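Novice: One structure is given below, represented as structure tokens, and several questions about it will come after.
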Amino acid sequence: MKIIIAGAGEVGFHLAKLLSYESQEITLIDPKKDSLIYAETHLDIKVLKGDATSIGLLTEANVDSTELFIAVTSSQSTNITACVLAKQLGAKKTIARISNTEFIDYKGKVGFMQFGIDELISPESLAAKEIELLLNQSVFNDTYEFENGALTMLGLNLKKTARINGKSVKEAAQIIPEIHFVPIAIQRYGSHLTIIPRGDTILNEGDHVVFITSKGGDEELCKLAGLFKAEIKNVMILGGGRIGRKTAKSLTEGKFNIKIVEQDKERAFELADRLPNALVINGDGRNVEILEEENIGDMDAFIAVTGNSETNIISSLVAKNRGVKKTIALVENMDYFELSHSIGIDTLINKKLLAANSIFRYIRRGDVVAMTKLNSMNAELLEFVVNSKSKICNKLIKDLDFPLTAIIGGVIREDEGMVALGDFRVKAGDKVVVCCLPQSIHKIESFFF
């Protein structure tokens, strides 16, 4: 697939890096020479220096034969303009990164597709949504919803108290008469290896296990894993930037009591005006005394979303040390994901990864409606729509020649999520959630053409 990416910043470079690994034909555009030199020397891609809104430069990049144009510069107006121009010049599909989330809220009413923009993404909005979902599923480390929660991906570390420790997947399923969950990926304790589980795969203490659940599956998992769902009510947010503000706004509309700590005085006053239902504290969240003065020990959750990864990690560790049940930290370095569980932070989130997940579904073949990469695991979770000509249509799951490095986690039929086992017959119109390792992606896609 021929893809043009406008913007060699953190999101653009990360996208180019991931896509180049898949042998996609990538052209990266940026006005800064230094950003392009690093990308060109480290990745197998083509680079062009210049303004992505230049018609001459877009023509030089062969935008007329481009299947996907992605504008992810730091400027919202540049991204929108570049996408409009790219579409008019012949690009098949365009995606624009935006900072004003109102554009997403009103995209149907405004009609961005009429202007030439097929999709809008906001990394900050995606991060805020991820945080809210994590708070609602407080005992789990990872979470992702398909079709408004018809199926949900939940990840957890198996503790000593888990009833399923030492049992095979098949034996674990027999503990409860009717199960509403299935394990789809396992990372062994102390290992970076991702395993797609089978019936005879043993679940061990310390494993990080990812499940697909239908309604009620989260409660069953809590019982079997020896976890107790604690209500999250009082939340402290460190950092009042775009993610902090968006998160606080969403949470104050729900059941949460929100306290925001923001170092910048002007921003703190602005937050206080915009969020009358939140308590805004002007102070340096790196100062442990300030956190203790604000009764951090009484918080149920602590969310660190400043622009500094190290500040977010250290402050989250302080919160955990003071007895906070749930800690979430925003990080920029992907390598930190491997450390999250060992150092004691419940969940790390990364804007680049969230943005890449949102865009990646346009790269996959077949009718993909949702896609996410599993944190710290070498696996993807994809939601395909089955059509009448798909190879999988009208087949029993047990009769499919699925590779061992992939597994069907569940099926959504008429808005109802179901855990799909061997005797389940897939029909046209079903939405099938598949977890697979990179080497099996192309074969999996072939089932859904």
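Simple scheme: letters A, B, ... for chains in structure tokens order, numbers from 1 for residues in each chain, numbers from 1 for ligands in the order shown.
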Using only C-alpha atoms, determine which residues lie at most 12 Å from A:Glu205, disregarding the query and same-chain residues fewer than 2 positions distant; provide the list as a PDB file with C-alpha atoms, in the first residue's frame.
Specialist:
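This is the output file around-v2.pdb:
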```pdb
ATOM      1  CA  LEU A 156      -4.613  -8.698  34.250  1.00  0.00           C
ATOM      2  CA  ASN A 157      -1.652 -10.193  36.089  1.00  0.00           C
ATOM      3  CA  LEU A 158      -2.442 -13.515  37.763  1.00  0.00           C
ATOM      4  CA  LYS A 159      -1.807 -13.114  41.480  1.00  0.00           C
ATOM      5  CA  LYS A 160      -1.118 -15.814  44.033  1.00  0.00           C
ATOM      6  CA  THR A 161      -4.817 -15.882  44.993  1.00  0.00           C
ATOM      7  CA  ALA A 162      -6.025 -16.726  41.454  1.00  0.00           C
ATOM      8  CA  ARG A 163      -8.070 -19.941  41.354  1.00  0.00           C
ATOM      9  CA  ILE A 164      -6.922 -20.647  37.807  1.00  0.00           C
ATOM     10  CA  ASN A 165      -3.203 -20.787  38.606  1.00  0.00           C
ATOM     11  CA  GLY A 166      -1.702 -24.102  37.510  1.00  0.00           C
ATOM     12  CA  LYS A 167      -4.792 -25.032  35.492  1.00  0.00           C
ATOM     13  CA  ILE A 186      -0.428 -14.655  27.510  1.00  0.00           C
ATOM     14  CA  GLN A 187       2.910 -13.126  28.414  1.00  0.00           C
ATOM     15  CA  ARG A 188       4.822 -15.353  30.807  1.00  0.00           C
ATOM     16  CA  TYR A 189       6.243 -13.746  33.944  1.00  0.00           C
ATOM     17  CA  GLY A 190       9.777 -12.534  33.290  1.00  0.00           C
ATOM     18  CA  ILE A 202      -1.312 -23.772  31.530  1.00  0.00           C
ATOM     19  CA  LEU A 203      -2.028 -20.495  33.342  1.00  0.00           C
ATOM     20  CA  ASP A 207       1.413 -14.351  33.907  1.00  0.00           C
ATOM     21  CA  HIS A 208      -0.065 -11.323  32.185  1.00  0.00           C
ATOM     22  CA  VAL A 209      -3.209 -12.660  30.530  1.00  0.00           C
ATOM     23  CA  ALA A 225      -8.494 -14.361  39.564  1.00  0.00           C
ATOM     24  CA  GLY A 226      -9.089 -13.624  43.254  1.00  0.00           C
TER      25      GLY A 226
END
```
Novice: To test your reading of the structure, identify every residue in stretch 291-384 of chain A that backbone DSSP assigns to strand (DSSP E), and report it as an NGL selection string.
Specialist: :A and (301-304 or 326-330 or 347-349 or 368-373 or 380-384)
Novice: Output the selection as an mmCIF file, in the first residue's frame - N, CA and C atoms for each residue.
Specialist:
```cif
data_model
loop_
_atom_site.group_PDB
_atom_site.id
_atom_site.type_symbol
_atom_site.label_atom_id
_atom_site.label_comp_id
_atom_site.auth_asym_id
_atom_site.auth_seq_id
_atom_site.Cartn_x
_atom_site.Cartn_y
_atom_site.Cartn_z
ATOM 1 N N ALA A 301 -7.928 6.718 42.858
ATOM 2 C CA ALA A 301 -7.149 6.615 41.630
ATOM 3 C C ALA A 301 -6.286 7.859 41.457
ATOM 4 N N PHE A 302 -5.117 7.656 40.854
ATOM 5 C CA PHE A 302 -4.183 8.756 40.580
ATOM 6 C C PHE A 302 -3.786 8.662 39.114
ATOM 7 N N ILE A 303 -3.988 9.763 38.367
ATOM 8 C CA ILE A 303 -3.713 9.788 36.927
ATOM 9 C C ILE A 303 -2.680 10.876 36.655
ATOM 10 N N ALA A 304 -1.502 10.485 36.174
ATOM 11 C CA ALA A 304 -0.426 11.439 35.907
ATOM 12 C C ALA A 304 -0.286 11.632 34.399
ATOM 13 N N LYS A 326 -5.539 2.568 42.210
ATOM 14 C CA LYS A 326 -5.352 2.540 40.761
ATOM 15 C C LYS A 326 -4.452 3.690 40.328
ATOM 16 N N THR A 327 -3.371 3.372 39.641
ATOM 17 C CA THR A 327 -2.467 4.402 39.133
ATOM 18 C C THR A 327 -2.313 4.260 37.626
ATOM 19 N N ILE A 328 -2.382 5.406 36.935
ATOM 20 C CA ILE A 328 -2.262 5.444 35.475
ATOM 21 C C ILE A 328 -1.273 6.553 35.123
ATOM 22 N N ALA A 329 -0.281 6.230 34.303
ATOM 23 C CA ALA A 329 0.727 7.226 33.933
ATOM 24 C C ALA A 329 0.856 7.318 32.419
ATOM 25 N N LEU A 330 0.938 8.553 31.917
ATOM 26 C CA LEU A 330 1.177 8.807 30.502
ATOM 27 C C LEU A 330 2.678 8.797 30.255
ATOM 28 N N THR A 347 -1.153 0.891 35.094
ATOM 29 C CA THR A 347 -1.295 1.010 33.644
ATOM 30 C C THR A 347 -0.506 2.203 33.114
ATOM 31 N N LEU A 348 0.196 1.960 32.012
ATOM 32 C CA LEU A 348 0.837 3.038 31.270
ATOM 33 C C LEU A 348 0.070 3.248 29.970
ATOM 34 N N ILE A 349 -0.087 4.496 29.564
ATOM 35 C CA ILE A 349 -0.733 4.791 28.290
ATOM 36 C C ILE A 349 0.203 5.648 27.442
ATOM 37 N N VAL A 368 -12.053 -4.152 8.226
ATOM 38 C CA VAL A 368 -11.668 -4.002 9.636
ATOM 39 C C VAL A 368 -12.339 -2.762 10.208
ATOM 40 N N VAL A 369 -13.102 -2.927 11.286
ATOM 41 C CA VAL A 369 -13.800 -1.786 11.879
ATOM 42 C C VAL A 369 -13.151 -1.312 13.170
ATOM 43 N N ALA A 370 -12.277 -2.120 13.760
ATOM 44 C CA ALA A 370 -11.559 -1.709 14.967
ATOM 45 C C ALA A 370 -10.274 -2.514 15.064
ATOM 46 N N MET A 371 -9.265 -1.907 15.710
ATOM 47 C CA MET A 371 -7.993 -2.591 15.832
ATOM 48 C C MET A 371 -7.208 -1.989 16.981
ATOM 49 N N THR A 372 -6.515 -2.826 17.751
ATOM 50 C CA THR A 372 -5.623 -2.335 18.790
ATOM 51 C C THR A 372 -4.439 -3.278 18.923
ATOM 52 N N LYS A 373 -3.283 -2.718 19.229
ATOM 53 C CA LYS A 373 -2.121 -3.534 19.549
ATOM 54 C C LYS A 373 -2.094 -3.723 21.057
ATOM 55 N N GLU A 380 -1.794 -8.314 17.790
ATOM 56 C CA GLU A 380 -2.835 -7.362 17.410
ATOM 57 C C GLU A 380 -4.209 -7.967 17.650
ATOM 58 N N LEU A 381 -5.154 -7.087 17.937
ATOM 59 C CA LEU A 381 -6.541 -7.477 18.136
ATOM 60 C C LEU A 381 -7.357 -6.738 17.083
ATOM 61 N N LEU A 382 -8.019 -7.490 16.203
ATOM 62 C CA LEU A 382 -8.744 -6.888 15.083
ATOM 63 C C LEU A 382 -10.207 -7.311 15.080
ATOM 64 N N GLU A 383 -11.071 -6.391 14.670
ATOM 65 C CA GLU A 383 -12.495 -6.682 14.527
ATOM 66 C C GLU A 383 -12.855 -6.623 13.047
ATOM 67 N N PHE A 384 -13.189 -7.775 12.466
ATOM 68 C CA PHE A 384 -13.545 -7.878 11.052
ATOM 69 C C PHE A 384 -15.061 -8.007 10.892
#
```
Novice: Near A:Leu238, counting only C-alpha atoms, which residues have an atom at most 7 Å away, once you skip same-chain residues fewer than 3 positions from it, shown as a list of chain:residue names?
Specialist: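 After dropping sequence-adjacent residues, the list is A:Ile260, A:Val261, A:Glu262, A:Gly285, A:Ile303, A:Ala304, A:Val305, A:Thr306.
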Novice: Any chance you can output those residues with N, CA and C atoms as a JSON list (two decimals), in the first residue's frame?
Specialist:
```
[["chain", "number", "residue", "atom", "x", "y", "z"],
["A", 260, "ILE", "N", -7.61, 18.26, 40.46],
["A", 260, "ILE", "CA", -6.55, 18.44, 39.48],
["A", 260, "ILE", "C", -5.41, 19.26, 40.09],
["A", 261, "VAL", "N", -4.17, 18.77, 39.92],
["A", 261, "VAL", "CA", -3.00, 19.51, 40.37],
["A", 261, "VAL", "C", -2.27, 20.01, 39.12],
["A", 262, "GLU", "N", -2.19, 21.33, 38.98],
["A", 262, "GLU", "CA", -1.56, 21.96, 37.80],
["A", 262, "GLU", "C", -0.55, 23.00, 38.24],
["A", 285, "GLY", "N", 3.17, 19.03, 41.31],
["A", 285, "GLY", "CA", 2.82, 17.67, 41.70],
["A", 285, "GLY", "C", 4.02, 16.79, 41.98],
["A", 303, "ILE", "N", -3.99, 9.76, 38.37],
["A", 303, "ILE", "CA", -3.71, 9.79, 36.93],
["A", 303, "ILE", "C", -2.68, 10.88, 36.65],
["A", 304, "ALA", "N", -1.50, 10.49, 36.17],
["A", 304, "ALA", "CA", -0.43, 11.44, 35.91],
["A", 304, "ALA", "C", -0.29, 11.63, 34.40],
["A", 305, "VAL", "N", -0.64, 12.82, 33.93],
["A", 305, "VAL", "CA", -0.64, 13.08, 32.48],
["A", 305, "VAL", "C", 0.07, 14.40, 32.16],
["A", 306, "THR", "N", 1.16, 14.70, 32.87],
["A", 306, "THR", "CA", 1.96, 15.87, 32.53],
["A", 306, "THR", "C", 2.73, 15.56, 31.24]]
```
Novice: Could you jot down the atom CA of A:Phe115 to atom CA of A:Lys2 separation for me, Å, one decimal place?
Specialist: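 Those two atoms sit 22.0 Å apart.
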Novice: Would you work out the distance separating atom CA of A:Ala272 from atom CA of A:Thr311, expressed in Å to one decimal?
Specialist: 22.8 Å
Novice: Could you list, as a list in words, every residue within 10 Å of A:Gln439, counting only C-alpha atoms and ignoring same-chain residues fewer than 4 positions away?
Specialist: Ala379, Pro403, Thr405, Ala406, Lys443 and Ile444 of chain A
Novice: With only C-alpha atoms as the atoms that count, which of A:Lys17, A:Ser168, A:Asp430, A:Ser125 lies nearest to A:Ser250?
Specialist: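 So, comparing all the options, the nearest one is A:Ser125.
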Novice: For a quick check of understanding, using only C-alpha atoms, which of A:His192, A:Lys352, A:Lys46, A:Arg242 has the smallest distance to A:Glu60?
Specialist: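 Residue with the minimum atom-to-atom distance to A:Glu60: A:Lys46.
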Novice: Within 7 Å of A:Ala52, counting only C-alpha atoms, which residues show up once you throw out same-chain ones fewer than 6 positions away? Write them as a VMD selection string, please.
Specialist: chain A and resid 6 29 58 82
Novice: Find the nearest atom pair between each residue of stretch 332-423 of chain A and stretch 91-104 of chain A for residues within 12 Å, count only C-alpha atoms, give distances in Å to one decimal, sort rows by chain and ascending number, and present the table as a Markdown table.
Specialist:
```
| residue | atom | partner | partner_atom | distance |
| --- | --- | --- | --- | --- |
| A:Lys351 | CA | A:Arg97 | CA | 11.9 |
| A:Lys352 | CA | A:Arg97 | CA | 11.6 |
| A:Ala355 | CA | A:Arg97 | CA | 8.8 |
| A:Ala356 | CA | A:Arg97 | CA | 11.2 |
| A:Ser358 | CA | A:Ile95 | CA | 10.2 |
| A:Ile359 | CA | A:Ile95 | CA | 7.9 |
| A:Phe360 | CA | A:Ile95 | CA | 11.2 |
| A:Arg361 | CA | A:Ile95 | CA | 11.9 |
| A:Tyr362 | CA | A:Lys93 | CA | 8.9 |
| A:Ile363 | CA | A:Lys93 | CA | 10.8 |
```
Novice: So which one's closest to A:Ser440, A:Ile196, A:Leu36, A:Ile296, A:Ile232? Using only C-alpha atoms, please.
Specialist: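 Of A:Ile196, A:Leu36, A:Ile296, A:Ile232, the one nearest A:Ser440, counting only C-alpha atoms, is A:Ile196.
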